[in-house]
Amino acid sequence: MTGDKVRIAVLVSGGGTNLQALLDAQRRREIPHGEIVLVASNKPGVYALERARAAGVEAQVVEKRRGEQTDFEARLTALLRERRIDMIVLAGFLSILSGDFTARWPRRILNVHPSLIPSFCGAGFYGLRVHQAALDYGVKVTGATVHYVNEIPDGGEIIAQKAVDVLPGDTPETLQRRVMEQAEWILLPRAAELAARELAERSTQP
């Protein structure tokens with residue numbers, strides 16, 4: 001920790017809209033117990049890295065090559081240790097982390113998922129696939145969930161959820177946008193603050 005602030009790394013794989021929600025919340029001082037000090041992507045050239053740099057946050061690439069896991073996680077771990085990271089937020093990070101990795105970060109990794117877990121979650125459910133599945137099933141309400149990350153994809157303890165209506169005529173794209181605007185971008189900064197505050201309080205206990 002730096003002073004009384006939890007040092008946060010955000011892991012990304014794409015455009016970084018959820019990252020932007022976090023950066024905007026930090027600018028508005030809505031994450032008082034934490035500070036985003038690092039953004040890392042497993043893919044080079046993604047726009048999320050530009051968002052980080054524009055906000056004055058260090059941006060790094062830890063590229064994951066096809067079929068690679070152990071070496072990727074070793075390089076990621078080295079970077080996180082070098083930057084003295086206390087907490088990780090997955091914001092559109094499309095690489096599954098191993099049980100060995102997540103076990104080293106108990107209640108210190110957060111993820112946002114675009115459904116109301118336990119619906120439409122787990123391996124293979126990401127991006128537009130989640131919203132297509134919700135539409136195919138015919139649900140009237142969907143939403144987003146922020147949860148702690150463990151060895152089971154989307155299987156960790158839920159921190160917060162928010163419901164969003166499914167509207168007649170929705171497509172996966174329109175539903176995705178509404179879930180982001182009405183749930184993900186609101187929930188993720190709030191959950192990050194809750195988790196950071198818990199970490200900060202634990203660090204001060206004798």
# chains A, B, ... in the order shown; residues from 1 in each chain; ligands from 1

call {"tool": "residues_around", "arguments": {"residues": "Leu175 (chain A)", "least_positions_apart": "2", "cutoff": "10 Å", "atoms": "only C-alpha atoms", "output": "PyMOL selection string"}}
result
chain A and resi 114+128+130-132+134-135+142-143+164-167+169-173+177-181

call {"tool": "select_by_dssp", "arguments": {"residues": "chain A", "states": "alpha helix (DSSP H)", "output": "PyMOL selection string"}}
result
chain A and resi 17-27+47-54+70-82+99-103+128-137+172-179+185-204

call {"tool": "atom_distance", "arguments": {"atom1": "CA of Val46 (chain A)", "atom2": "CA of Gly99 (chain A)"}}
result
26.3 Å

call {"tool": "residues_around", "arguments": {"residues": "region 146-156 of chain A", "least_positions_apart": "2", "cutoff": "6 Å", "atoms": "only C-alpha atoms", "output": "ChimeraX atom specification"}}
result
/A:99,102,107,109-112,122-123,158-160

call {"tool": "closest_residue", "arguments": {"among": "A:Asp86, A:Gly67, A:Glu58, A:Pro106", "to": "Val6 (chain A)", "atoms": "only C-alpha atoms"}}
result
A:Asp86

call {"tool": "closest_residue", "arguments": {"among": "A:Ser95, A:Ile186, A:Thr145, A:Gln176", "to": "Arg129 (chain A)", "atoms": "only C-alpha atoms"}}
result
A:Gln176

call {"tool": "closest_residue", "arguments": {"among": "A:Ser98, A:Asn18, A:Ser41, A:Ser115", "to": "Glu68 (chain A)", "atoms": "only C-alpha atoms"}}
result
A:Ser98

call {"tool": "select_by_dssp", "arguments": {"residues": "region 105-171 of chain A", "states": "strand (DSSP E or B)", "output": "mmCIF file with C-alpha atoms, in the first residue's frame"}}
result
data_model
loop_
_atom_site.group_PDB
_atom_site.id
_atom_site.type_symbol
_atom_site.label_atom_id
_atom_site.label_comp_id
_atom_site.auth_asym_id
_atom_site.auth_seq_id
_atom_site.Cartn_x
_atom_site.Cartn_y
_atom_site.Cartn_z
ATOM 1 C CA ILE A 109 -9.012 -10.183 -7.483
ATOM 2 C CA LEU A 110 -12.318 -8.726 -8.705
ATOM 3 C CA ASN A 111 -14.132 -9.427 -11.956
ATOM 4 C CA VAL A 112 -17.200 -7.913 -13.582
ATOM 5 C CA HIS A 113 -19.458 -10.289 -15.508
ATOM 6 C CA VAL A 141 -34.277 -9.259 -16.638
ATOM 7 C CA THR A 142 -30.510 -9.568 -16.879
ATOM 8 C CA GLY A 143 -27.755 -7.414 -15.375
ATOM 9 C CA ALA A 144 -24.181 -7.502 -14.144
ATOM 10 C CA THR A 145 -22.259 -9.028 -11.264
ATOM 11 C CA VAL A 146 -18.965 -8.104 -9.608
ATOM 12 C CA HIS A 147 -17.400 -11.001 -7.759
ATOM 13 C CA TYR A 148 -14.147 -12.149 -6.244
ATOM 14 C CA ILE A 158 -20.475 -12.152 -5.196
ATOM 15 C CA ILE A 159 -19.765 -8.582 -4.105
ATOM 16 C CA ALA A 160 -22.566 -6.721 -5.902
ATOM 17 C CA GLN A 161 -25.253 -7.205 -8.542
ATOM 18 C CA LYS A 162 -27.557 -4.888 -10.464
ATOM 19 C CA ALA A 163 -30.522 -5.845 -12.612
ATOM 20 C CA VAL A 164 -31.265 -4.442 -16.075
ATOM 21 C CA ASP A 165 -34.474 -4.939 -18.059
#

call {"tool": "residues_around", "arguments": {"residues": "Arg197 (chain A)", "least_positions_apart": "3", "cutoff": "8 Å", "atoms": "only C-alpha atoms", "output": "PyMOL selection string"}}
result
chain A and resi 33-34+193-194+200-201

call {"tool": "write_last_selection", "arguments": {"atoms": "N, CA, C and O atoms", "output": "JSON list (two decimals), in the first residue's frame"}}
result
[["chain", "number", "residue", "atom", "x", "y", "z"],
["A", 33, "HIS", "N", -10.16, 4.62, -0.99],
["A", 33, "HIS", "CA", -9.26, 3.68, -0.34],
["A", 33, "HIS", "C", -8.31, 3.00, -1.31],
["A", 33, "HIS", "O", -7.47, 2.19, -0.89],
["A", 34, "GLY", "N", -8.44, 3.29, -2.61],
["A", 34, "GLY", "CA", -7.57, 2.65, -3.59],
["A", 34, "GLY", "C", -7.05, 3.62, -4.61],
["A", 34, "GLY", "O", -7.57, 4.73, -4.78],
["A", 193, "GLU", "N", -14.11, 0.01, -4.58],
["A", 193, "GLU", "CA", -13.96, 0.76, -3.33],
["A", 193, "GLU", "C", -14.26, -0.11, -2.12],
["A", 193, "GLU", "O", -13.54, -0.07, -1.12],
["A", 194, "LEU", "N", -15.31, -0.91, -2.19],
["A", 194, "LEU", "CA", -15.64, -1.81, -1.08],
["A", 194, "LEU", "C", -14.48, -2.76, -0.79],
["A", 194, "LEU", "O", -14.10, -2.96, 0.37],
["A", 200, "ALA", "N", -7.73, -2.27, 3.15],
["A", 200, "ALA", "CA", -7.09, -1.23, 3.94],
["A", 200, "ALA", "C", -7.35, -1.44, 5.42],
["A", 200, "ALA", "O", -6.45, -1.28, 6.27],
["A", 201, "GLU", "N", -8.58, -1.81, 5.77],
["A", 201, "GLU", "CA", -8.92, -2.03, 7.17],
["A", 201, "GLU", "C", -8.19, -3.25, 7.71],
["A", 201, "GLU", "O", -7.72, -3.24, 8.87]]

call {"tool": "closest_residue", "arguments": {"among": "A:Glu35, A:Glu157, A:Glu73, A:Asp24", "to": "Ile8 (chain A)", "atoms": "only C-alpha atoms"}}
result
A:Glu35

call {"tool": "atom_distance", "arguments": {"atom1": "CA of Leu90 (chain A)", "atom2": "CA of Ala78 (chain A)"}}
result
17.5 Å

call {"tool": "atom_distance", "arguments": {"atom1": "CA of Ala103 (chain A)", "atom2": "CA of Ile88 (chain A)"}}
result
12.9 Å

call {"tool": "closest_residue", "arguments": {"among": "A:Glu198, A:Gln60, A:Val37, A:Ala191", "to": "Ile85 (chain A)", "atoms": "only C-alpha atoms"}}
result
A:Val37

call {"tool": "residues_around", "arguments": {"residues": "Pro189 (chain A)", "least_positions_apart": "5", "cutoff": "10 Å", "atoms": "only C-alpha atoms", "output": "VMD selection string"}}
result
chain A and resid 18 to 19 21 to 26 30 to 31 89 146 184 194 to 195

call {"tool": "write_last_selection", "arguments": {"atoms": "N, CA and C atoms", "output": "PDB file, in the first residue's frame"}}
result
ATOM      1  N   ASN A  18     -14.888  -0.514 -19.274  1.00  0.00           N
ATOM      2  CA  ASN A  18     -14.973  -0.668 -17.823  1.00  0.00           C
ATOM      3  C   ASN A  18     -13.777  -0.023 -17.127  1.00  0.00           C
ATOM      4  N   LEU A  19     -12.613  -0.109 -17.753  1.00  0.00           N
ATOM      5  CA  LEU A  19     -11.452   0.610 -17.223  1.00  0.00           C
ATOM      6  C   LEU A  19     -11.752   2.098 -17.160  1.00  0.00           C
ATOM      7  N   ALA A  21     -14.578   3.565 -16.799  1.00  0.00           N
ATOM      8  CA  ALA A  21     -15.476   3.816 -15.669  1.00  0.00           C
ATOM      9  C   ALA A  21     -14.697   3.889 -14.361  1.00  0.00           C
ATOM     10  N   LEU A  22     -13.706   3.023 -14.207  1.00  0.00           N
ATOM     11  CA  LEU A  22     -12.872   3.053 -13.007  1.00  0.00           C
ATOM     12  C   LEU A  22     -12.019   4.314 -12.950  1.00  0.00           C
ATOM     13  N   LEU A  23     -11.417   4.676 -14.076  1.00  0.00           N
ATOM     14  CA  LEU A  23     -10.582   5.877 -14.105  1.00  0.00           C
ATOM     15  C   LEU A  23     -11.406   7.127 -13.830  1.00  0.00           C
ATOM     16  N   ASP A  24     -12.617   7.180 -14.389  1.00  0.00           N
ATOM     17  CA  ASP A  24     -13.491   8.334 -14.133  1.00  0.00           C
ATOM     18  C   ASP A  24     -13.887   8.403 -12.671  1.00  0.00           C
ATOM     19  N   ALA A  25     -14.184   7.245 -12.082  1.00  0.00           N
ATOM     20  CA  ALA A  25     -14.544   7.210 -10.656  1.00  0.00           C
ATOM     21  C   ALA A  25     -13.371   7.647  -9.794  1.00  0.00           C
ATOM     22  N   GLN A  26     -12.174   7.229 -10.171  1.00  0.00           N
ATOM     23  CA  GLN A  26     -10.991   7.652  -9.416  1.00  0.00           C
ATOM     24  C   GLN A  26     -10.799   9.162  -9.524  1.00  0.00           C
ATOM     25  N   GLU A  30     -14.061   8.738  -6.037  1.00  0.00           N
ATOM     26  CA  GLU A  30     -15.059   7.780  -5.564  1.00  0.00           C
ATOM     27  C   GLU A  30     -14.435   6.448  -5.149  1.00  0.00           C
ATOM     28  N   ILE A  31     -13.104   6.344  -5.257  1.00  0.00           N
ATOM     29  CA  ILE A  31     -12.392   5.157  -4.768  1.00  0.00           C
ATOM     30  C   ILE A  31     -11.335   5.638  -3.779  1.00  0.00           C
ATOM     31  N   VAL A  89      -8.102  -5.831 -10.521  1.00  0.00           N
ATOM     32  CA  VAL A  89      -9.456  -5.761 -11.074  1.00  0.00           C
ATOM     33  C   VAL A  89      -9.391  -6.234 -12.525  1.00  0.00           C
ATOM     34  N   VAL A 146     -20.380  -8.207  -9.961  1.00  0.00           N
ATOM     35  CA  VAL A 146     -18.965  -8.104  -9.608  1.00  0.00           C
ATOM     36  C   VAL A 146     -18.710  -9.126  -8.517  1.00  0.00           C
ATOM     37  N   GLU A 184     -22.720  -2.294 -15.261  1.00  0.00           N
ATOM     38  CA  GLU A 184     -21.282  -2.523 -15.109  1.00  0.00           C
ATOM     39  C   GLU A 184     -20.526  -1.270 -14.687  1.00  0.00           C
ATOM     40  N   LEU A 194     -15.312  -0.915  -2.193  1.00  0.00           N
ATOM     41  CA  LEU A 194     -15.638  -1.808  -1.079  1.00  0.00           C
ATOM     42  C   LEU A 194     -14.480  -2.762  -0.787  1.00  0.00           C
ATOM     43  N   ALA A 195     -13.929  -3.366  -1.843  1.00  0.00           N
ATOM     44  CA  ALA A 195     -12.840  -4.320  -1.657  1.00  0.00           C
ATOM     45  C   ALA A 195     -11.579  -3.622  -1.163  1.00  0.00           C
TER      46      ALA A 195
END
